[in-house]
>>> print(open('structure06.txt').read())   # compact mmCIF, C-alpha atoms and all ligand atoms
# COMPACT_ATOMS: atom_id res chain seq x y z
CA MET A 1 7.45 15.86 -100.78
CA THR A 2 10.70 14.54 -102.25
CA ARG A 3 11.37 10.96 -103.27
CA ALA A 4 14.77 11.02 -101.59
CA VAL A 5 17.02 13.90 -100.65
CA ALA A 6 20.22 14.40 -98.68
CA ARG A 7 19.72 17.71 -96.95
CA ILE A 8 22.96 19.41 -95.91
CA GLU A 9 22.90 21.98 -93.17
CA VAL A 10 25.84 24.08 -94.27
CA GLY A 11 25.70 26.09 -91.05
CA ALA A 12 26.64 22.90 -89.21
CA VAL A 13 29.72 22.44 -91.43
CA GLU A 14 30.72 26.03 -90.69
CA ARG A 15 30.30 25.58 -86.92
CA ASN A 16 32.15 22.25 -86.94
CA CYS A 17 35.10 23.97 -88.60
CA ALA A 18 34.99 26.79 -86.08
CA ARG A 19 35.02 24.11 -83.38
CA LEU A 20 38.05 22.40 -84.98
CA ALA A 21 39.83 25.75 -85.30
CA VAL A 22 39.41 26.28 -81.55
CA GLU A 23 40.82 22.78 -80.93
CA LEU A 24 43.80 23.70 -83.13
CA GLY A 25 44.42 26.72 -80.93
CA GLY A 26 45.19 29.20 -83.69
CA GLU A 27 48.68 27.79 -84.23
CA SER A 28 47.80 25.19 -86.79
CA GLU A 29 45.83 25.77 -90.00
CA LEU A 30 42.66 23.83 -90.75
CA CYS A 31 42.62 22.05 -94.10
CA ALA A 32 39.10 20.78 -94.88
CA VAL A 33 39.15 17.45 -96.72
CA VAL A 34 36.36 17.42 -99.33
CA LYS A 35 37.27 14.25 -101.25
CA ALA A 36 34.58 11.79 -102.40
CA ASP A 37 32.16 14.67 -102.99
CA GLY A 38 32.64 15.89 -99.44
CA TYR A 39 32.13 12.43 -97.89
CA GLY A 40 28.86 12.28 -99.84
CA HIS A 41 27.67 15.69 -98.63
CA GLY A 42 28.44 17.72 -101.77
CA ALA A 43 32.00 19.01 -102.08
CA GLU A 44 31.47 22.57 -103.29
CA ALA A 45 28.81 23.63 -100.77
CA CYS A 46 30.76 22.05 -97.90
CA ALA A 47 34.06 23.60 -98.98
CA GLU A 48 32.43 27.02 -99.02
CA ALA A 49 30.96 26.50 -95.55
CA ALA A 50 34.27 25.14 -94.23
CA LEU A 51 36.12 28.21 -95.46
CA ALA A 52 33.49 30.43 -93.81
CA GLY A 53 34.06 28.48 -90.58
CA GLY A 54 37.81 29.07 -90.53
CA ALA A 55 39.38 26.47 -92.80
CA THR A 56 42.19 28.09 -94.80
CA ARG A 57 43.02 25.20 -97.10
CA LEU A 58 41.27 22.37 -98.92
CA ALA A 59 42.31 18.83 -99.81
CA VAL A 60 41.01 16.17 -102.20
CA ALA A 61 42.15 12.70 -103.22
CA THR A 62 42.00 12.63 -107.04
CA GLY A 63 42.87 14.75 -110.05
CA ALA A 64 39.23 15.01 -111.11
CA GLU A 65 38.26 16.24 -107.63
CA ALA A 66 41.05 18.80 -107.77
CA GLY A 67 39.67 19.99 -111.11
CA ARG A 68 36.26 20.67 -109.59
CA ILE A 69 37.43 22.28 -106.37
CA GLY A 70 40.40 24.19 -107.76
CA ARG A 71 38.28 25.88 -110.41
CA ARG A 72 35.64 26.87 -107.87
CA PHE A 73 38.07 28.18 -105.22
CA PRO A 74 41.11 29.38 -107.18
CA GLN A 75 42.38 31.56 -104.33
CA VAL A 76 42.48 28.75 -101.72
CA PRO A 77 45.56 26.49 -101.43
CA LEU A 78 44.53 22.99 -102.51
CA LEU A 79 46.34 19.69 -101.93
CA THR A 80 45.65 16.56 -103.97
CA MET A 81 46.65 13.78 -101.57
CA GLY A 82 46.45 10.66 -103.71
CA ALA A 83 48.67 8.90 -106.22
CA LEU A 84 48.30 10.46 -109.67
CA THR A 85 48.50 8.99 -113.16
CA PRO A 86 49.98 11.40 -115.73
CA GLU A 87 46.42 12.25 -116.77
CA ASP A 88 45.29 12.87 -113.16
CA LEU A 89 48.34 15.06 -112.67
CA GLU A 90 47.34 17.23 -115.63
CA ASP A 91 43.92 17.76 -114.01
CA ALA A 92 45.46 18.57 -110.63
CA LEU A 93 48.03 21.00 -112.01
CA ALA A 94 45.52 22.70 -114.31
CA ALA A 95 43.43 23.32 -111.19
CA GLY A 96 46.44 24.88 -109.42
CA SER A 97 46.71 22.07 -106.89
CA GLU A 98 49.73 21.13 -104.81
CA VAL A 99 50.62 17.43 -105.04
CA ALA A 100 52.20 14.62 -103.03
CA VAL A 101 55.58 13.10 -103.89
CA TRP A 102 57.50 10.19 -102.37
CA ARG A 103 59.42 8.61 -105.27
CA ASP A 104 62.34 9.97 -107.28
CA GLY A 105 60.81 8.94 -110.60
CA PHE A 106 57.67 10.94 -109.90
CA ARG A 107 59.77 13.89 -108.71
CA ASP A 108 61.58 13.89 -112.08
CA PHE A 109 58.25 13.73 -113.85
CA LEU A 110 56.92 16.65 -111.77
CA SER A 111 60.06 18.62 -112.49
CA ALA A 112 59.51 18.15 -116.24
CA ARG A 113 55.89 19.24 -115.85
CA GLY A 114 57.01 22.33 -113.92
CA ARG A 115 59.38 23.22 -116.76
CA ALA A 116 56.65 22.67 -119.36
CA GLN A 117 54.11 24.86 -117.59
CA GLY A 118 56.69 27.56 -116.85
CA ARG A 119 55.79 27.60 -113.15
CA PRO A 120 57.18 25.46 -110.32
CA VAL A 121 55.01 22.58 -109.05
CA ARG A 122 54.33 22.84 -105.31
CA VAL A 123 55.03 19.50 -103.64
CA HIS A 124 54.44 17.86 -100.25
CA VAL A 125 56.99 15.14 -99.52
CA LYS A 126 55.25 12.16 -97.96
CA HIS A 127 56.72 10.06 -95.17
CA ASP A 128 55.17 6.64 -94.57
CA SER A 129 55.59 6.57 -90.80
CA GLY A 130 53.61 3.34 -90.46
CA MET A 131 50.37 3.48 -92.43
CA GLY A 132 51.99 1.19 -94.99
CA ARG A 133 50.36 2.80 -98.00
CA LEU A 134 51.62 5.87 -99.87
CA GLY A 135 54.87 7.52 -98.78
CA ASN A 136 58.51 6.66 -98.27
CA PRO A 137 59.19 4.78 -95.02
CA ASP A 138 62.94 5.65 -94.89
CA PRO A 139 63.60 8.91 -92.99
CA GLY A 140 66.95 9.45 -94.74
CA GLU A 141 65.37 9.05 -98.16
CA VAL A 142 62.56 11.43 -97.24
CA LEU A 143 65.14 14.06 -96.26
CA ALA A 144 67.09 13.47 -99.47
CA LEU A 145 63.89 13.79 -101.49
CA ALA A 146 63.02 17.05 -99.73
CA ARG A 147 66.51 18.40 -100.54
CA ALA A 148 66.18 17.39 -104.18
CA CYS A 149 62.80 19.15 -104.39
CA ALA A 150 64.12 22.28 -102.67
CA GLU A 151 67.11 22.47 -105.02
CA ASP A 152 65.05 21.99 -108.17
CA PRO A 153 63.94 25.33 -109.67
CA GLN A 154 60.96 23.54 -111.28
CA LEU A 155 59.66 22.48 -107.85
CA ASP A 156 58.64 24.29 -104.66
CA LEU A 157 58.96 22.31 -101.45
CA ALA A 158 55.68 23.23 -99.75
CA GLY A 159 55.25 20.53 -97.12
CA VAL A 160 56.26 17.30 -95.40
CA TRP A 161 53.51 15.00 -94.24
CA THR A 162 52.36 11.63 -93.03
CA HIS A 163 49.10 9.84 -92.15
CA PHE A 164 48.15 7.89 -88.99
CA ALA A 165 46.83 4.32 -89.08
CA THR A 166 45.30 4.18 -85.60
CA ALA A 167 44.44 7.74 -84.53
CA ASP A 168 40.84 6.63 -83.96
CA GLU A 169 41.82 3.77 -81.63
CA PRO A 170 42.20 5.33 -78.19
CA GLY A 171 44.23 2.43 -76.79
CA SER A 172 46.72 2.19 -79.65
CA ASP A 173 50.43 2.68 -78.85
CA PHE A 174 51.22 2.66 -82.55
CA PHE A 175 49.90 6.21 -82.87
CA ASP A 176 52.77 7.33 -80.60
CA VAL A 177 55.28 5.32 -82.61
CA GLN A 178 54.19 7.05 -85.82
CA LEU A 179 54.10 10.46 -84.14
CA GLU A 180 57.65 10.00 -82.86
CA ARG A 181 58.97 8.91 -86.27
CA PHE A 182 57.31 11.78 -88.09
CA THR A 183 58.30 14.39 -85.50
CA ALA A 184 61.96 13.57 -86.19
CA VAL A 185 61.54 13.67 -89.99
CA ALA A 186 59.59 16.95 -89.86
CA ALA A 187 62.16 18.55 -87.54
CA ALA A 188 65.06 17.61 -89.82
CA ILE A 189 63.34 19.00 -92.92
CA LYS A 190 62.11 22.16 -91.24
CA ALA A 191 65.57 22.83 -89.80
CA GLU A 192 66.95 23.01 -93.35
CA PHE A 193 63.87 24.47 -95.05
CA PRO A 194 62.00 26.61 -92.50
CA GLY A 195 59.24 27.62 -94.95
CA THR A 196 58.02 24.03 -95.22
CA ILE A 197 54.80 23.11 -93.41
CA ALA A 198 54.48 19.80 -91.56
CA HIS A 199 51.12 18.05 -91.33
CA ALA A 200 49.94 14.72 -89.98
CA ALA A 201 46.65 14.92 -88.10
CA ASN A 202 43.29 13.74 -89.37
CA SER A 203 40.12 14.47 -87.36
CA ALA A 204 40.73 11.78 -84.74
CA ALA A 205 44.32 12.91 -84.16
CA VAL A 206 43.23 16.53 -83.67
CA PHE A 207 41.05 15.50 -80.73
CA ARG A 208 43.46 12.89 -79.48
CA ASP A 209 46.83 14.59 -79.19
CA ARG A 210 47.95 18.23 -79.54
CA ARG A 211 51.45 17.07 -80.47
CA SER A 212 50.03 15.83 -83.78
CA HIS A 213 48.75 19.26 -84.87
CA PHE A 214 52.03 20.63 -86.36
CA ASP A 215 51.40 23.47 -88.86
CA MET A 216 48.18 22.13 -90.35
CA ALA A 217 45.53 19.46 -89.73
CA ARG A 218 43.69 17.64 -92.52
CA CYS A 219 40.16 17.13 -91.22
CA GLY A 220 37.37 15.36 -93.05
CA ILE A 221 34.90 13.40 -90.96
CA ALA A 222 34.63 15.99 -88.15
CA VAL A 223 33.98 18.78 -90.66
CA TYR A 224 30.74 16.99 -91.51
CA GLY A 225 29.86 16.60 -87.83
CA LEU A 226 30.44 12.86 -87.73
CA ASP A 227 32.39 11.32 -84.87
CA PRO A 228 35.87 10.05 -85.80
CA PHE A 229 35.61 7.59 -82.90
CA GLN A 230 32.17 6.26 -83.97
CA GLY A 231 30.54 7.57 -80.80
CA ASP A 232 28.28 10.57 -80.22
CA PRO A 233 29.48 13.62 -82.20
CA ALA A 234 27.77 15.95 -79.69
CA GLU A 235 30.27 14.86 -77.03
CA ARG A 236 32.98 16.56 -79.08
CA GLY A 237 30.85 19.60 -79.90
CA LEU A 238 30.16 18.42 -83.45
CA ARG A 239 26.82 18.54 -85.22
CA PRO A 240 25.96 16.19 -88.11
CA ALA A 241 25.29 18.20 -91.27
CA LEU A 242 23.53 15.55 -93.34
CA SER A 243 20.06 14.11 -93.12
CA LEU A 244 18.64 11.54 -95.54
CA ARG A 245 14.93 12.00 -96.12
CA SER A 246 12.18 10.34 -98.11
CA TYR A 247 8.40 9.98 -97.74
CA VAL A 248 5.74 7.38 -97.23
CA ALA A 249 4.44 6.52 -100.70
CA ASP A 250 1.86 3.98 -99.55
CA VAL A 251 0.33 2.57 -96.37
CA LYS A 252 -1.35 -0.82 -96.49
CA ARG A 253 -3.00 -3.31 -94.20
CA PHE A 254 -1.20 -6.63 -93.69
CA ALA A 255 -2.92 -9.69 -92.24
CA ALA A 256 -0.80 -11.89 -89.96
CA GLY A 257 1.50 -14.05 -92.11
CA GLU A 258 1.59 -11.77 -95.17
CA SER A 259 5.07 -10.87 -96.39
CA ALA A 260 6.81 -7.74 -97.69
CA GLY A 261 9.60 -7.66 -100.27
CA TYR A 262 11.93 -10.02 -102.12
CA GLY A 263 12.44 -13.45 -100.65
CA ARG A 264 9.62 -12.94 -98.10
CA THR A 265 12.25 -12.45 -95.36
CA TRP A 266 9.64 -10.78 -93.14
CA ARG A 267 6.10 -11.86 -92.43
CA ALA A 268 3.68 -9.87 -90.34
CA PRO A 269 3.63 -11.58 -86.92
CA ALA A 270 0.11 -10.16 -86.38
CA ASP A 271 -2.25 -7.91 -88.27
CA THR A 272 -0.42 -4.63 -88.88
CA TRP A 273 0.10 -1.61 -91.17
CA VAL A 274 3.07 -1.42 -93.51
CA GLY A 275 4.50 1.75 -95.03
CA VAL A 276 6.41 1.76 -98.33
CA LEU A 277 9.20 4.30 -98.93
CA PRO A 278 10.38 4.87 -102.50
CA LEU A 279 14.15 4.55 -101.97
CA GLY A 280 16.53 1.63 -101.63
CA TYR A 281 20.04 0.40 -102.27
CA GLY A 282 20.02 2.27 -105.58
CA ASP A 283 20.14 5.34 -103.35
CA GLY A 284 22.75 3.91 -101.00
CA VAL A 285 20.41 2.44 -98.37
CA ARG A 286 22.44 -0.70 -97.97
CA ARG A 287 20.79 -4.10 -98.40
CA GLY A 288 22.57 -5.16 -95.21
CA LEU A 289 19.97 -3.10 -93.36
CA SER A 290 17.22 -5.57 -94.37
CA ASN A 291 15.21 -6.30 -91.21
CA ASP A 292 17.84 -4.34 -89.25
CA ALA A 293 17.23 -0.59 -89.15
CA GLU A 294 14.78 1.96 -87.85
CA ILE A 295 13.21 4.85 -89.71
CA LEU A 296 11.63 8.02 -88.26
CA ILE A 297 8.08 8.86 -89.26
CA ARG A 298 6.01 11.38 -87.26
CA GLY A 299 8.87 11.62 -84.78
CA ARG A 300 8.86 7.92 -83.89
CA ARG A 301 11.14 5.02 -84.72
CA HIS A 302 9.62 2.27 -86.85
CA PRO A 303 11.43 -0.95 -87.80
CA LEU A 304 12.50 -1.42 -91.40
CA VAL A 305 11.06 -4.83 -92.31
CA GLY A 306 11.78 -7.13 -95.23
CA THR A 307 14.58 -6.95 -97.75
CA VAL A 308 15.87 -3.57 -98.90
CA SER A 309 15.26 -3.44 -102.66
CA MET A 310 16.89 -1.17 -105.21
CA ASP A 311 14.04 1.34 -105.17
CA ASN A 312 11.88 0.58 -102.10
CA VAL A 313 11.97 -0.27 -98.44
CA THR A 314 9.10 -1.31 -96.18
CA VAL A 315 8.41 -0.26 -92.59
CA ASP A 316 6.20 -1.89 -89.94
CA LEU A 317 3.91 0.85 -88.64
CA GLY A 318 2.16 -1.35 -86.06
CA PRO A 319 -1.46 -2.47 -85.54
CA GLU A 320 -2.73 1.11 -85.10
CA THR A 321 -1.12 3.99 -86.98
CA GLU A 322 -1.63 7.65 -87.74
CA VAL A 323 0.93 7.50 -90.56
CA GLU A 324 -0.44 8.51 -93.95
CA PRO A 325 0.88 8.54 -97.48
CA GLY A 326 2.89 11.72 -97.95
CA ASP A 327 4.38 11.76 -94.44
CA GLU A 328 8.10 12.51 -94.27
CA ALA A 329 10.45 9.61 -93.44
CA VAL A 330 13.96 10.13 -92.03
CA LEU A 331 16.66 7.48 -92.47
CA ILE A 332 19.49 9.63 -91.10
CA GLY A 333 18.90 12.76 -89.07
CA GLU A 334 16.37 14.31 -86.71
CA GLN A 335 12.61 14.40 -86.67
CA GLY A 336 10.39 15.47 -83.80
CA GLY A 337 13.21 15.27 -81.24
CA GLU A 338 14.26 11.73 -82.22
CA THR A 339 17.58 11.18 -84.01
CA ILE A 340 19.10 8.42 -86.12
CA ARG A 341 22.80 8.97 -86.61
CA ALA A 342 25.08 7.69 -89.36
CA GLU A 343 27.03 6.03 -86.53
CA GLU A 344 23.98 3.91 -85.67
CA LEU A 345 23.62 2.66 -89.25
CA ALA A 346 27.37 2.03 -89.38
CA ARG A 347 27.18 -0.11 -86.24
CA ARG A 348 24.34 -2.18 -87.66
CA LEU A 349 26.30 -2.68 -90.90
CA GLY A 350 29.63 -3.43 -89.23
CA THR A 351 31.23 -0.42 -90.88
CA ILE A 352 32.08 3.21 -90.11
CA ASN A 353 30.11 6.45 -90.56
CA TYR A 354 32.48 7.45 -93.40
CA GLU A 355 31.17 4.61 -95.56
CA VAL A 356 27.53 5.34 -94.74
CA THR A 357 27.54 8.91 -96.07
CA CYS A 358 29.98 8.20 -98.93
CA GLY A 359 27.60 5.43 -99.99
CA ILE A 360 24.60 7.70 -100.58
CA SER A 361 24.42 7.40 -104.35
CA ALA A 362 24.43 10.06 -107.05
CA ARG A 363 20.70 9.39 -107.59
CA VAL A 364 19.98 11.29 -104.36
CA PRO A 365 20.04 15.05 -104.87
CA ARG A 366 22.04 17.06 -102.33
CA GLU A 367 20.18 20.10 -101.11
CA SER A 368 21.78 22.82 -99.02
CA ALA A 369 19.69 24.07 -96.14
C1 LIG B 1 40.81 11.28 -95.91
C2 LIG B 1 42.10 11.73 -95.37
C3 LIG B 1 42.16 12.62 -94.28
C4 LIG B 1 40.93 13.04 -93.50
O1 LIG B 1 40.67 12.07 -92.51
P1 LIG B 1 39.43 12.18 -91.47
O2 LIG B 1 39.58 10.98 -90.64
O3 LIG B 1 38.19 12.14 -92.32
O4 LIG B 1 39.58 13.45 -90.76
C5 LIG B 1 43.40 13.10 -93.91
N1 LIG B 1 44.52 12.69 -94.55
C6 LIG B 1 44.50 11.82 -95.57
C7 LIG B 1 45.76 11.41 -96.21
C8 LIG B 1 43.30 11.30 -96.00
O5 LIG B 1 43.30 10.42 -97.00
>>> encode(input="structure06.txt", output="structure tokens", more="lines below")
Ligand SMILES: *Cc1c(COP(=O)(O)O)cnc(C)c1O
Amino acid sequence: MTRAVARIEVGAVERNCARLAVELGGESELCAVVKADGYGHGAEACAEAALAGGATRLAVATGAEAGRIGRRFPQVPLLTMGALTPEDLEDALAAGSEVAVWRDGFRDFLSARGRAQGRPVRVHVKHDSGMGRLGNPDPGEVLALARACAEDPQLDLAGVWTHFATADEPGSDFFDVQLERFTAVAAAIKAEFPGTIAHAANSAAVFRDRRSHFDMARCGIAVYGLDPFQGDPAERGLRPALSLRSYVADVKRFAAGESAGYGRTWRAPADTWVGVLPLGYGDGVRRGLSNDAEILIRGRRHPLVGTVSMDNVTVDLGPETEVEPGDEAVLIGEQGGETIRAEELARRLGTINYEVTCGISARVPRESA
């Protein structure tokens, strides 16, 4: 019995990466994105499984994440994708990470850091082909920046890259607009600097369009077996790695009209049994699921009833029940042939599977299985 645990099937992460490697056809490297503690799954264990499954590189978003991952996997090329304060940069460089650059001022700063550490900083020049966030939108300036990096002995030009805004929207024409813009930028830079790698694809793009694969793909969500298109991961040969489990701490009889939880938002419509699980929004079970989720106990779905509290949720077990205190409860994952996917919770919450697993709080231990 565990109060609440996120169990991670590392074998699934490994197989998902093998599946992505097949999709990439051996011509493009797989970079496993393990930012945000591996999308809530535990970064170190997932990185190890991803590398076993065929990933050859790792990526994170922040300097602190680079510190953790770079120290654990010193032999694996690591890219820190996000914007870095001078302090973040120290963490990233100390961990041996490659970093993103798109502004001249930051390039100068990196050059000074390269001189100070007596070793060139490896940089990936970022083109904003339409995401409208980080990166330089001007193709000429991106080329000029790449030249400046290549000519600077304190810098190594490692890559040129971009990020798609609508890869997960099958009907979007804008994906093709971005792909066309980046293809031209990457071709110009690689013509002058053939050792440079080009990369653009996230998980959705890998499945969507081979032309987006270039030399490397940066995959996150699919590594964890979650569907980038918010559908059924099995349809793309992916298997979810995470399950969120708790147990039934109490079972009690409710007479018709009695209520469970804060605000009395649910009242028993008839005499029934109610189960209490000792986890709540303090664990990342979002309050938006109040009276709008199902939980597996003894292989059957039971409605979550009442308001999700910080430390408890309540479940309607029905007028007759076999459920007993101590029974396992599954909020995400499989039990007895029934499955509740992160995509289902995301739909109920009006969000995406990414946010569901990232939202599982630090109070929930991650356990590799
Ligand atoms: C998070 C991230 C990825 C991974 O995206 P998925 O959709 O999870 O595959 C790739 N590139 C960048 C820049 C990212 O921030």
>>> closest_residue(input="structure06.txt", among="A:Gly282, A:Pro233, A:Gly350, A:Gly261", to="Arg19 of chain A", atoms="only C-alpha atoms")
A:Pro233
>>> residues_around(input="structure06.txt", residues="segment 43-48 of chain A", least_positions_apart="2", cutoff="7 Å", atoms="only C-alpha atoms", output="PyMOL selection string")
chain A and resi 10+13+34+37-38+41+50-52+69
>>> closest_residue(input="structure06.txt", among="A:Thr2, A:Thr307, A:Asn353, A:Ser172", to="ligand LIG 1 (chain B)", atoms="only C-alpha atoms and all ligand atoms")
A:Asn353
>>> closest_residue(input="structure06.txt", among="A:Asp168, A:Glu322, A:Glu367, A:Asp173", to="ligand LIG 1 (chain B)", atoms="only C-alpha atoms and all ligand atoms")
A:Asp168
>>> residues_near_point(input="structure06.txt", point="(18.9, 11.9, -94.2)", cutoff="12 Å", atoms="only C-alpha atoms", output="VMD selection string")
chain A and resid 2 to 9 40 to 41 240 to 247 279 283 to 285 295 to 296 328 to 335 339 to 342 345 356 to 357 360 364 to 367
>>> closest_residue(input="structure06.txt", among="A:Leu238, A:Ala61, A:Ala21, A:Leu143", to="Arg103 of chain A", atoms="all atoms listed in the file")
A:Leu143
>>> axis_aligned_box(input="structure06.txt", around="ligand LIG 1 (chain B)", padding_each_side="8 Å", output="AutoDock Vina command-line options")
--center_x 42.0 --center_y 11.9 --center_z -93.8 --size_x 23.6 --size_y 19.0 --size_z 22.4
>>> residues_near_ligand(input="structure06.txt", ligand="ligand LIG 1 (chain B)", cutoff="10 Å", atoms="all atoms listed in the file", output="PyMOL selection string")
chain A and resi 31-36+38-39+59-61+80-82+100+126+131+133-134+161-165+167-168+199-206+217-224+226-229+354
>>> residues_around(input="structure06.txt", residues="Gly63 of chain A", least_positions_apart="2", cutoff="9 Å", atoms="all atoms listed in the file", output="ChimeraX atom specification")
/A:60-61,65-68,80,82,84-85,87-93,95,97
>>> closest_residue(input="structure06.txt", among="A:Ala148, A:Ala260, A:Ala12, A:Ala64", to="Val125 of chain A", atoms="all atoms listed in the file")
A:Ala148
>>> atom_distance(input="structure06.txt", atom1="atom CA of Gly225 of chain A", atom2="atom CA of Ala49 of chain A")
12.6 Å
>>> atom_distance(input="structure06.txt", atom1="atom CA of His213 of chain A", atom2="atom CA of Ser28 of chain A")
6.3 Å
>>> closest_residue(input="structure06.txt", among="A:Glu338, A:Asp215, A:Glu343, A:Glu355", to="Thr196 of chain A", atoms="all atoms listed in the file")
A:Asp215
